[in-house]
>>> print(open('run-v5.cif').read())   # mmCIF, C-alpha atoms and all ligand atoms
data_model
#
loop_
_atom_site.label_atom_id
_atom_site.label_comp_id
_atom_site.auth_asym_id
_atom_site.auth_seq_id
_atom_site.Cartn_x
_atom_site.Cartn_y
_atom_site.Cartn_z
CA MET A 1 46.98 -104.35 -7.45
CA GLN A 2 44.75 -101.59 -8.77
CA PRO A 3 45.70 -99.77 -11.97
CA ILE A 4 47.30 -96.43 -11.33
CA ASN A 5 44.78 -93.67 -11.56
CA ASP A 6 46.49 -91.03 -13.72
CA LYS A 7 44.38 -88.19 -12.46
CA LYS A 8 45.12 -89.04 -8.86
CA ALA A 9 48.84 -89.43 -9.61
CA ASP A 10 48.84 -86.00 -11.28
CA GLN A 11 47.12 -84.44 -8.29
CA LEU A 12 49.71 -85.98 -5.98
CA THR A 13 52.56 -84.63 -8.09
CA VAL A 14 51.05 -81.14 -8.12
CA ARG A 15 50.58 -81.29 -4.36
CA ARG A 16 54.19 -82.38 -3.85
CA LEU A 17 55.51 -79.63 -6.17
CA ASN A 18 53.40 -76.94 -4.47
CA MET A 19 54.47 -78.01 -0.99
CA SER A 20 58.10 -78.13 -2.05
CA ALA A 21 57.93 -74.71 -3.74
CA PHE A 22 56.32 -73.22 -0.64
CA LEU A 23 58.90 -74.65 1.78
CA LYS A 24 61.77 -73.43 -0.43
CA LEU A 25 60.17 -70.00 -0.59
CA LEU A 26 60.10 -69.90 3.20
CA ARG A 27 63.70 -71.12 3.35
CA ASP A 28 64.86 -68.33 1.02
CA ARG A 29 62.67 -65.50 2.34
CA GLY A 30 62.53 -66.37 6.03
CA THR A 31 58.89 -65.41 6.49
CA LEU A 32 55.79 -65.00 4.35
CA ALA A 33 52.24 -63.78 4.99
CA ARG A 34 49.45 -66.24 4.19
CA ALA A 35 47.81 -63.66 1.94
CA ASP A 36 50.90 -63.47 -0.32
CA LEU A 37 51.32 -67.19 -0.74
CA ALA A 38 48.79 -67.88 -3.54
CA LYS A 39 50.23 -65.06 -5.62
CA GLU A 40 53.83 -66.23 -5.08
CA LEU A 41 53.02 -69.83 -5.98
CA GLY A 42 50.60 -69.01 -8.79
CA THR A 43 47.85 -71.17 -7.27
CA THR A 44 44.28 -70.48 -6.16
CA ARG A 45 43.81 -69.18 -2.61
CA ASN A 46 42.06 -72.41 -1.75
CA THR A 47 45.03 -74.58 -2.84
CA ALA A 48 47.49 -72.34 -0.99
CA SER A 49 45.37 -72.50 2.14
CA ASN A 50 45.22 -76.33 1.97
CA ILE A 51 49.01 -76.56 1.66
CA VAL A 52 49.49 -74.33 4.69
CA THR A 53 47.03 -76.36 6.75
CA GLU A 54 48.79 -79.63 5.91
CA LEU A 55 52.27 -78.30 6.61
CA LEU A 56 51.16 -76.71 9.89
CA LYS A 57 49.64 -80.04 10.91
CA ALA A 58 52.85 -81.88 9.97
CA GLY A 59 54.78 -79.42 12.16
CA LEU A 60 57.06 -78.33 9.28
CA VAL A 61 55.78 -74.74 9.32
CA VAL A 62 54.76 -72.42 12.15
CA GLU A 63 52.74 -69.24 12.26
CA THR A 64 54.34 -66.52 14.36
CA GLU A 65 53.14 -63.09 15.41
CA TYR A 66 55.22 -60.25 14.03
CA ARG A 67 54.74 -56.60 14.83
CA ARG A 68 55.31 -54.66 11.63
CA GLU A 69 56.69 -51.17 11.78
CA GLY A 70 53.97 -48.54 11.89
CA ALA A 71 51.20 -51.13 12.20
CA GLY A 72 49.35 -51.25 15.49
CA ARG A 73 48.26 -54.86 15.53
CA PRO A 74 50.73 -57.70 15.11
CA GLY A 75 50.32 -59.75 11.92
CA LEU A 76 50.79 -63.49 11.46
CA LEU A 77 53.66 -64.71 9.33
CA LEU A 78 54.56 -68.22 8.27
CA GLU A 79 58.06 -69.62 8.63
CA LEU A 80 59.86 -72.98 8.66
CA ALA A 81 59.46 -74.68 12.02
CA PRO A 82 62.88 -75.13 13.67
CA ASN A 83 61.36 -78.09 15.54
CA GLY A 84 60.10 -79.68 12.30
CA GLY A 85 62.77 -82.32 12.83
CA PHE A 86 66.53 -82.74 12.90
CA ALA A 87 69.10 -83.92 10.40
CA ILE A 88 72.49 -85.51 11.06
CA GLY A 89 75.50 -84.62 8.94
CA ALA A 90 78.66 -86.73 9.01
CA GLU A 91 82.04 -86.62 7.34
CA ILE A 92 84.84 -89.16 7.52
CA ASP A 93 88.20 -87.65 6.66
CA ILE A 94 91.70 -89.09 6.80
CA ASN A 95 92.40 -87.66 10.27
CA ARG A 96 89.00 -86.66 11.62
CA ILE A 97 85.37 -87.70 11.94
CA SER A 98 82.83 -84.86 12.11
CA VAL A 99 79.19 -85.23 13.06
CA ILE A 100 76.63 -82.46 13.50
CA VAL A 101 72.93 -82.12 14.29
CA VAL A 102 70.93 -79.34 12.61
CA ASP A 103 67.29 -78.39 13.11
CA PHE A 104 64.77 -78.10 10.26
CA LYS A 105 65.88 -74.50 9.59
CA GLY A 106 69.49 -75.64 9.34
CA ASN A 107 70.63 -74.19 12.67
CA ILE A 108 73.49 -76.17 14.17
CA LEU A 109 72.45 -77.66 17.51
CA TRP A 110 75.23 -80.10 18.30
CA GLU A 111 78.64 -80.99 16.88
CA GLU A 112 81.62 -83.18 17.59
CA SER A 113 84.74 -83.82 15.53
CA PRO A 114 87.25 -86.13 17.16
CA GLN A 115 90.69 -86.63 15.60
CA ILE A 116 91.51 -90.12 14.41
CA ARG A 117 94.77 -91.86 13.62
CA PRO A 118 94.93 -92.47 9.85
CA SER A 119 96.62 -95.81 10.59
CA LEU A 120 93.47 -97.20 12.25
CA PRO A 121 91.85 -100.10 10.37
CA GLN A 122 88.81 -99.25 8.23
CA LYS A 123 86.50 -101.30 10.47
CA GLU A 124 87.46 -99.30 13.56
CA ILE A 125 87.07 -95.92 11.85
CA ILE A 126 83.60 -96.86 10.59
CA ALA A 127 82.63 -98.18 14.04
CA MET A 128 83.74 -94.86 15.59
CA ALA A 129 81.69 -92.91 13.05
CA GLU A 130 78.65 -95.10 13.74
CA GLN A 131 79.01 -94.57 17.48
CA LEU A 132 79.17 -90.81 17.00
CA VAL A 133 76.09 -90.83 14.73
CA GLN A 134 74.26 -92.87 17.37
CA THR A 135 75.21 -90.30 20.05
CA ALA A 136 73.91 -87.49 17.80
CA LEU A 137 70.69 -89.43 17.17
CA ASP A 138 70.14 -90.03 20.90
CA TRP A 139 70.82 -86.35 21.59
CA GLY A 140 68.21 -85.20 19.06
CA LYS A 141 65.61 -87.65 20.33
CA ALA A 142 66.24 -86.53 23.92
CA GLU A 143 65.37 -83.01 22.72
CA ASN A 144 62.02 -84.42 21.54
CA LEU A 145 62.85 -83.83 17.89
CA LYS A 146 61.96 -86.13 15.00
CA PRO A 147 64.95 -87.56 13.08
CA LEU A 148 64.71 -86.79 9.34
CA GLY A 149 67.75 -88.69 8.07
CA ILE A 150 71.53 -88.91 7.91
CA GLY A 151 73.83 -87.32 5.32
CA LEU A 152 77.40 -88.53 4.81
CA GLY A 153 80.19 -86.85 2.85
CA LEU A 154 83.31 -88.77 1.77
CA ALA A 155 86.34 -87.73 -0.27
CA GLY A 156 86.47 -89.96 -3.31
CA LEU A 157 84.30 -91.56 -5.96
CA VAL A 158 80.78 -91.92 -4.63
CA ASP A 159 77.73 -93.40 -6.32
CA ALA A 160 75.18 -91.04 -4.73
CA GLU A 161 72.20 -92.83 -6.27
CA ALA A 162 73.19 -96.26 -4.97
CA GLY A 163 74.64 -94.75 -1.79
CA SER A 164 78.00 -96.51 -2.16
CA LEU A 165 81.54 -95.36 -1.76
CA ILE A 166 83.38 -96.74 -4.78
CA TYR A 167 86.90 -95.59 -4.03
CA ALA A 168 88.41 -93.20 -1.50
CA PRO A 169 92.06 -92.64 -2.48
CA THR A 170 93.19 -90.87 0.74
CA LEU A 171 91.64 -93.48 3.05
CA ASN A 172 92.34 -96.27 0.55
CA TRP A 173 88.82 -97.69 0.94
CA ASN A 174 86.94 -99.57 -1.77
CA ASP A 175 83.29 -100.50 -2.35
CA ILE A 176 81.46 -99.73 0.89
CA PRO A 177 77.64 -99.67 0.63
CA PHE A 178 77.18 -97.03 3.38
CA LYS A 179 73.54 -96.32 2.51
CA SER A 180 72.29 -99.88 2.97
CA MET A 181 74.63 -100.48 5.93
CA TRP A 182 73.58 -97.40 7.86
CA GLU A 183 69.91 -97.59 6.91
CA SER A 184 69.70 -101.02 8.51
CA THR A 185 71.76 -99.87 11.54
CA PHE A 186 69.87 -96.63 12.23
CA GLY A 187 66.47 -97.15 10.57
CA LEU A 188 66.66 -93.77 8.83
CA THR A 189 67.15 -92.67 5.23
CA VAL A 190 70.85 -92.16 4.48
CA TYR A 191 72.17 -89.81 1.79
CA LEU A 192 75.72 -90.19 0.55
CA ASP A 193 77.73 -87.81 -1.60
CA ASN A 194 81.32 -86.91 -2.31
CA GLU A 195 83.03 -84.34 -0.16
CA ALA A 196 83.30 -81.69 -2.90
CA ASN A 197 79.52 -81.85 -3.51
CA THR A 198 78.69 -81.66 0.20
CA ALA A 199 81.18 -78.80 0.63
CA ALA A 200 79.55 -76.92 -2.27
CA LEU A 201 76.11 -77.53 -0.82
CA GLY A 202 77.25 -76.51 2.69
CA TYR A 203 78.73 -73.26 1.42
CA TYR A 204 75.70 -72.57 -0.77
CA ALA A 205 73.27 -73.14 2.11
CA TYR A 206 75.18 -71.46 4.93
CA ALA A 207 77.61 -68.81 3.67
CA ASP A 208 75.89 -67.96 0.39
CA ARG A 209 72.29 -68.26 1.69
CA PHE A 210 71.15 -69.62 -1.70
CA THR A 211 71.95 -66.40 -3.59
CA ALA A 212 74.25 -67.84 -6.30
CA ARG A 213 72.73 -69.60 -9.27
CA ASN A 214 75.92 -71.20 -10.55
CA LEU A 215 78.71 -71.95 -8.13
CA ALA A 216 81.88 -74.08 -8.17
CA TYR A 217 83.51 -75.14 -4.92
CA LEU A 218 87.11 -76.25 -5.40
CA SER A 219 88.24 -78.56 -2.67
CA ILE A 220 92.03 -78.59 -2.95
CA GLY A 221 94.36 -80.90 -1.05
CA ALA A 222 96.26 -84.05 -1.95
CA GLY A 223 93.47 -84.54 -4.48
CA MET A 224 91.23 -81.93 -6.01
CA ALA A 225 87.57 -81.98 -6.92
CA ALA A 226 84.94 -79.40 -7.79
CA GLY A 227 81.44 -79.43 -6.35
CA LEU A 228 79.29 -77.83 -9.03
CA ILE A 229 75.97 -76.16 -8.34
CA LEU A 230 74.45 -75.40 -11.73
CA ASP A 231 71.05 -73.75 -11.97
CA ARG A 232 70.80 -74.08 -8.16
CA LYS A 233 71.24 -77.85 -8.16
CA ILE A 234 74.21 -80.15 -7.56
CA PHE A 235 75.46 -81.30 -10.96
CA ARG A 236 76.50 -84.97 -10.80
CA GLY A 237 76.87 -85.95 -14.45
CA SER A 238 75.81 -89.21 -16.13
CA GLY A 239 77.51 -91.67 -13.79
CA GLY A 240 77.48 -89.35 -10.76
CA PHE A 241 81.21 -88.62 -10.96
CA ALA A 242 81.20 -85.07 -12.41
CA GLY A 243 83.56 -82.51 -10.93
CA GLN A 244 86.95 -84.24 -11.31
CA ALA A 245 88.46 -80.81 -11.85
CA GLY A 246 91.84 -81.93 -10.53
CA HIS A 247 92.31 -84.04 -13.64
CA MET A 248 91.56 -81.28 -16.16
CA LYS A 249 94.63 -81.23 -18.41
CA ILE A 250 96.47 -77.97 -18.00
CA ARG A 251 100.02 -78.77 -19.25
CA PRO A 252 100.46 -81.27 -22.11
CA ASP A 253 104.00 -82.10 -20.98
CA GLY A 254 103.38 -81.65 -17.26
CA GLU A 255 104.12 -83.76 -14.20
CA PRO A 256 102.82 -87.32 -13.80
CA CYS A 257 99.53 -87.58 -11.88
CA THR A 258 98.10 -90.29 -9.61
CA CYS A 259 95.47 -90.96 -12.33
CA GLY A 260 98.17 -92.27 -14.66
CA ASP A 261 98.12 -89.29 -17.00
CA ARG A 262 100.26 -86.16 -16.76
CA GLY A 263 99.82 -82.39 -16.65
CA CYS A 264 96.61 -82.55 -14.58
CA TRP A 265 95.48 -79.40 -12.75
CA VAL A 266 96.02 -80.98 -9.29
CA THR A 267 99.73 -81.55 -10.07
CA GLU A 268 100.08 -77.77 -10.51
CA VAL A 269 97.96 -76.42 -7.64
CA GLY A 270 97.33 -79.20 -5.10
CA LEU A 271 99.54 -80.48 -2.29
CA PRO A 272 101.71 -82.40 -4.80
CA ALA A 273 102.64 -79.05 -6.38
CA PHE A 274 103.67 -77.53 -3.02
CA GLU A 275 105.71 -80.59 -2.10
CA ARG A 276 107.47 -80.73 -5.47
CA LYS A 277 108.12 -77.00 -5.76
CA THR A 278 109.44 -76.65 -2.19
CA GLY A 279 111.25 -80.00 -2.18
CA GLN A 280 109.47 -80.99 1.08
CA PRO A 281 107.76 -84.38 0.88
CA HIS A 282 105.46 -83.87 3.91
CA ILE A 283 104.77 -80.19 3.88
CA ASP A 284 103.15 -78.48 6.88
CA LEU A 285 100.87 -75.79 5.45
CA GLU A 286 100.43 -73.99 8.79
CA GLU A 287 104.23 -73.61 8.84
CA VAL A 288 104.20 -72.42 5.21
CA ALA A 289 101.57 -69.81 6.14
CA ARG A 290 103.73 -68.66 9.06
CA LEU A 291 106.79 -68.28 6.79
CA LEU A 292 104.73 -66.43 4.18
CA ARG A 293 103.65 -63.95 6.83
CA THR A 294 107.34 -63.22 7.51
CA GLY A 295 107.76 -62.44 3.79
CA ASP A 296 109.76 -65.52 2.72
CA SER A 297 110.57 -64.66 -0.89
CA GLU A 298 111.34 -68.19 -2.09
CA LEU A 299 107.98 -69.43 -0.87
CA GLY A 300 106.40 -66.27 -2.26
CA ALA A 301 107.59 -67.23 -5.74
CA VAL A 302 106.12 -70.75 -5.34
CA ILE A 303 102.81 -69.23 -4.24
CA ASP A 304 102.77 -66.91 -7.27
CA GLU A 305 103.28 -69.82 -9.67
CA ILE A 306 100.56 -71.87 -8.01
CA SER A 307 98.14 -68.92 -7.92
CA GLU A 308 98.62 -68.36 -11.62
CA MET A 309 97.88 -72.00 -12.49
CA LEU A 310 94.87 -71.93 -10.17
CA GLY A 311 93.56 -68.76 -11.83
CA LEU A 312 94.12 -70.27 -15.27
CA GLY A 313 91.98 -73.33 -14.49
CA ILE A 314 89.29 -71.19 -12.86
CA ALA A 315 89.17 -68.98 -15.97
CA ASN A 316 88.40 -72.16 -17.96
CA LEU A 317 85.58 -73.10 -15.57
CA VAL A 318 84.19 -69.55 -15.66
CA ASN A 319 84.20 -69.54 -19.46
CA LEU A 320 82.53 -72.94 -19.56
CA PHE A 321 79.80 -72.44 -16.94
CA ASN A 322 79.34 -68.65 -16.63
CA LEU A 323 79.65 -68.98 -12.83
CA ASP A 324 78.54 -66.36 -10.27
CA CYS A 325 80.86 -67.67 -7.62
CA VAL A 326 84.01 -69.79 -7.22
CA VAL A 327 84.85 -70.87 -3.68
CA LEU A 328 88.28 -72.15 -2.68
CA GLY A 329 88.51 -74.60 0.21
CA GLY A 330 90.00 -77.91 1.26
CA ALA A 331 93.20 -78.92 3.02
CA ILE A 332 95.22 -76.02 1.56
CA ARG A 333 92.98 -73.57 3.46
CA PRO A 334 95.84 -72.16 5.66
CA ILE A 335 97.57 -70.69 2.62
CA LEU A 336 94.53 -69.63 0.61
CA PRO A 337 94.70 -66.02 1.89
CA PHE A 338 98.15 -65.75 0.25
CA ILE A 339 96.88 -67.18 -3.04
CA LEU A 340 93.63 -65.29 -3.44
CA GLU A 341 94.78 -61.97 -4.89
CA LYS A 342 97.01 -63.33 -7.65
CA THR A 343 94.39 -65.97 -8.50
CA ARG A 344 91.75 -63.26 -8.92
CA THR A 345 94.12 -61.21 -11.08
CA THR A 346 94.73 -64.20 -13.34
CA VAL A 347 90.99 -64.90 -13.66
CA ASP A 348 90.52 -61.23 -14.59
CA GLN A 349 93.21 -61.50 -17.25
CA ARG A 350 92.26 -64.87 -18.70
CA ALA A 351 88.45 -65.29 -18.55
CA LEU A 352 86.21 -63.70 -21.16
CA LYS A 353 85.16 -60.16 -20.34
CA HIS A 354 81.40 -60.53 -19.88
CA LEU A 355 81.88 -63.69 -17.86
CA ARG A 356 84.69 -62.51 -15.57
CA ASP A 357 82.78 -59.34 -14.61
CA ASN A 358 80.07 -61.54 -13.17
CA VAL A 359 82.16 -63.90 -11.05
CA LYS A 360 83.40 -63.62 -7.47
CA VAL A 361 86.36 -65.74 -6.34
CA LYS A 362 86.17 -66.31 -2.58
CA ILE A 363 87.78 -68.45 0.07
CA SER A 364 85.82 -70.53 2.51
CA GLY A 365 86.38 -69.72 6.15
CA ARG A 366 85.59 -73.19 7.44
CA ASP A 367 85.02 -76.82 6.67
CA ASP A 368 81.71 -76.68 4.77
CA SER A 369 81.42 -80.35 3.95
CA VAL A 370 79.76 -81.62 7.14
CA PHE A 371 77.13 -78.84 6.94
CA GLY A 372 76.40 -79.87 3.37
CA ALA A 373 76.08 -83.50 4.44
CA ALA A 374 73.35 -82.46 6.90
CA TYR A 375 71.82 -80.27 4.23
CA LEU A 376 71.47 -83.29 1.88
CA VAL A 377 68.79 -84.49 4.31
CA LEU A 378 66.97 -81.15 4.58
CA GLU A 379 67.07 -80.75 0.79
CA ALA A 380 65.45 -84.16 0.32
CA VAL A 381 62.64 -83.16 2.71
CA LEU A 382 62.17 -79.81 0.95
CA ASN A 383 62.05 -81.61 -2.41
CA ASN A 384 59.40 -84.00 -1.21
CA PRO A 385 57.69 -83.24 2.11
CA VAL A 386 54.69 -85.45 1.30
CA PRO A 387 55.86 -88.55 3.26
CA LEU A 388 56.12 -86.42 6.43
CA THR A 389 52.53 -85.24 6.04
CA ARG A 390 51.32 -88.82 5.48
CA SER A 391 52.24 -90.13 8.90
CA LEU A 392 49.48 -87.96 10.34
CA PRO A 393 46.35 -89.55 11.80
ZN ZN A 401 95.20 -86.76 -13.14
#
>>> encode(input="run-v5.cif", output="structure tokens")
Amino acid sequence: MQPINDKKADQLTVRRLNMSAFLKLLRDRGTLARADLAKELGTTRNTASNIVTELLKAGLVVETEYRREGAGRPGLLLELAPNGGFAIGAEIDINRISVIVVDFKGNILWEESPQIRPSLPQKEIIAMAEQLVQTALDWGKAENLKPLGIGLGLAGLVDAEAGSLIYAPTLNWNDIPFKSMWESTFGLTVYLDNEANTAALGYYAYADRFTARNLAYLSIGAGMAAGLILDRKIFRGSGGFAGQAGHMKIRPDGEPCTCGDRGCWVTEVGLPAFERKTGQPHIDLEEVARLLRTGDSELGAVIDEISEMLGLGIANLVNLFNLDCVVLGGAIRPILPFILEKTRTTVDQRALKHLRDNVKVKISGRDDSVFGAAYLVLEAVLNNPVPLTRSLP
């Protein structure tokens, strides 16, 4: 083996960083004129021109004619190539498997989300998910697109670096090395992350269009986790398990929690709180939403209590991270519209003034997680497009 040539390694790094910065610029702006690129990237015109040539050749960028207002002749603008490849996003939930195909610009091309029986054995659920991913892969290839990878979101403790599910409490699954399993099955790079992180990323990419700098996505259901985007990047913590917001202690003498402690946030605002406060062990949230619309005062009081505890925890997160945006989603989505106002009021009362003025508390209109799973793949390509330019003759 030859010794690593430092100068060459540095040049490669600079090339990768420039390419990545350029692709992200196109993602955020939509289009860019060649002439503006060197200035935006802070490089020489020659370097900028080389990057464009390579990315055009790799099919990741296209040059399109645009007629600008007032100008007679159409100008050429660069943009991400929708046909630069496709990514697959997958999510396995307790009662549903979702798989989507997105193009290189993140447009959704294909999706399927069959219901599953939670009682099915683990092996059968995984086999169903694999079959669906294979169908998505075949679909993309039939469209003459290049597969870029597969992203998978799972609710539970995930080692994103190793690509292993460590523990999924709702599915009751332990230690499944999805990355190595699926990479050998499909021959593509597989990215794994927990459902709160993929939901945060999906919301950030699709609904927020990358405008927030610091965002927390609270996925609330039987469990509760926060996907944190800090300084525009998913924050995973030292072991990759950051975001266990449901186990923030909010009442020293509170209710027992599944984690073995008591007074955790999830016991006050998650499904366990609804079930305990209404005395219904298997609560139907669609039915709760229907009753709330009729003005059920008993349920209204439960909702007020839960909203206040939710706002209290959010105020803590806002004070800690100086967030721009807090998004509420997860299984309790049907009743979020009834919770939002009181939650916002509590955040306004309890967070510090200069921090609360900056933050927007929103609810998510859809299941963001599967979009984020697909986006894990696109993000990896945007972070390092060099391998895709290498396969060229
Ligand atoms: Zn707990």
>>> closest_atom_pairs(input="run-v5.cif", of="region 228-343 of chain A", to="region 368-389 of chain A", cutoff="12 Å", atoms="only C-alpha atoms", output="Markdown table")
| residue | atom | partner | partner_atom | distance |
| --- | --- | --- | --- | --- |
| A:Arg232 | CA | A:Glu379 | CA | 11.8 |
| A:Lys233 | CA | A:Glu379 | CA | 10.3 |
| A:Ile234 | CA | A:Leu376 | CA | 10.3 |
| A:Val327 | CA | A:Asp368 | CA | 10.7 |
| A:Leu328 | CA | A:Asp368 | CA | 10.9 |
| A:Gly329 | CA | A:Asp368 | CA | 8.4 |
| A:Gly330 | CA | A:Asp368 | CA | 9.1 |
| A:Ala331 | CA | A:Asp368 | CA | 11.8 |
| A:Arg333 | CA | A:Asp368 | CA | 11.8 |
>>> residues_near_ligand(input="run-v5.cif", ligand="ligand ZN 401 (chain A)", cutoff="9 Å", atoms="only C-alpha atoms and all ligand atoms", output="list in words")
Gln244, Gly246, His247, Met248, Lys249, Pro256, Cys257, Thr258, Cys259, Gly260, Asp261, Arg262, Gly263, Cys264, Trp265, Val266 and Thr267 of chain A
>>> closest_residue(input="run-v5.cif", among="A:Ile303, A:Leu336, A:Ile51, A:Ile97", to="Ser219 (chain A)", atoms="only C-alpha atoms")
A:Leu336
>>> closest_residue(input="run-v5.cif", among="A:Gly42, A:Ile125, A:Glu111, A:Gly30", to="Glu79 (chain A)", atoms="all atoms listed in the file")
A:Gly30
>>> residues_near_point(input="run-v5.cif", point="(55.1, -75.5, -2.3)", cutoff="10 Å", atoms="only C-alpha atoms", output="list in words")
Val14, Arg15, Arg16, Leu17, Asn18, Met19, Ser20, Ala21, Phe22, Leu23, Lys24, Leu25, Leu26, Leu37, Ala38, Glu40, Leu41, Thr43, Ala48, Ile51, Val52, Leu55, Leu382, Asn383, Asn384 and Pro385 of chain A
>>> atom_distance(input="run-v5.cif", atom1="CA of Arg293 (chain A)", atom2="CA of Gly221 (chain A)")
20.9 Å
>>> closest_residue(input="run-v5.cif", among="A:Lys342, A:His354, A:Arg29, A:Lys39", to="Val318 (chain A)", atoms="all atoms listed in the file")
A:His354
>>> atom_distance(input="run-v5.cif", atom1="CA of Leu132 (chain A)", atom2="CA of Ile100 (chain A)")
9.4 Å
>>> closest_residue(input="run-v5.cif", among="A:Asp284, A:Glu161, A:Glu183, A:Glu305", to="Gly237 (chain A)", atoms="all atoms listed in the file")
A:Glu161
>>> build_atoms(input="run-v5.cif", residues="region 182-198 of chain A", atoms="N, CA and C atoms", output="short mmCIF file (atom, residue, chain, number, x, y, z; two decimals), in the coordinates of the input")
data_model
loop_
_atom_site.label_atom_id
_atom_site.label_comp_id
_atom_site.auth_asym_id
_atom_site.auth_seq_id
_atom_site.Cartn_x
_atom_site.Cartn_y
_atom_site.Cartn_z
N TRP A 182 74.04 -98.32 6.82
CA TRP A 182 73.58 -97.40 7.86
C TRP A 182 72.06 -97.34 7.95
N GLU A 183 71.38 -97.57 6.83
CA GLU A 183 69.91 -97.59 6.91
C GLU A 183 69.45 -98.75 7.76
N SER A 184 70.14 -99.90 7.67
CA SER A 184 69.70 -101.02 8.51
C SER A 184 70.17 -100.81 9.96
N THR A 185 71.30 -100.13 10.17
CA THR A 185 71.76 -99.87 11.54
C THR A 185 70.87 -98.85 12.25
N PHE A 186 70.53 -97.76 11.55
CA PHE A 186 69.87 -96.63 12.23
C PHE A 186 68.37 -96.51 11.92
N GLY A 187 67.88 -97.22 10.91
CA GLY A 187 66.47 -97.15 10.57
C GLY A 187 66.04 -95.80 10.03
N LEU A 188 66.97 -95.09 9.41
CA LEU A 188 66.66 -93.77 8.83
C LEU A 188 67.19 -93.72 7.40
N THR A 189 66.64 -92.81 6.59
CA THR A 189 67.15 -92.67 5.23
C THR A 189 68.55 -92.06 5.28
N VAL A 190 69.46 -92.64 4.51
CA VAL A 190 70.85 -92.16 4.48
C VAL A 190 71.17 -91.62 3.08
N TYR A 191 71.78 -90.45 3.05
CA TYR A 191 72.17 -89.81 1.79
C TYR A 191 73.69 -89.72 1.75
N LEU A 192 74.27 -90.15 0.65
CA LEU A 192 75.72 -90.19 0.55
C LEU A 192 76.14 -89.31 -0.63
N ASP A 193 77.23 -88.57 -0.46
CA ASP A 193 77.73 -87.81 -1.60
C ASP A 193 79.22 -87.57 -1.41
N ASN A 194 79.89 -87.15 -2.49
CA ASN A 194 81.32 -86.91 -2.31
C ASN A 194 81.55 -85.57 -1.64
N GLU A 195 82.72 -85.46 -1.05
CA GLU A 195 83.03 -84.34 -0.16
C GLU A 195 82.98 -82.99 -0.89
N ALA A 196 83.35 -82.97 -2.18
CA ALA A 196 83.30 -81.69 -2.90
C ALA A 196 81.85 -81.25 -3.09
N ASN A 197 80.94 -82.20 -3.36
CA ASN A 197 79.52 -81.85 -3.51
C ASN A 197 78.94 -81.38 -2.18
N THR A 198 79.25 -82.08 -1.09
CA THR A 198 78.69 -81.66 0.20
C THR A 198 79.28 -80.31 0.61
#
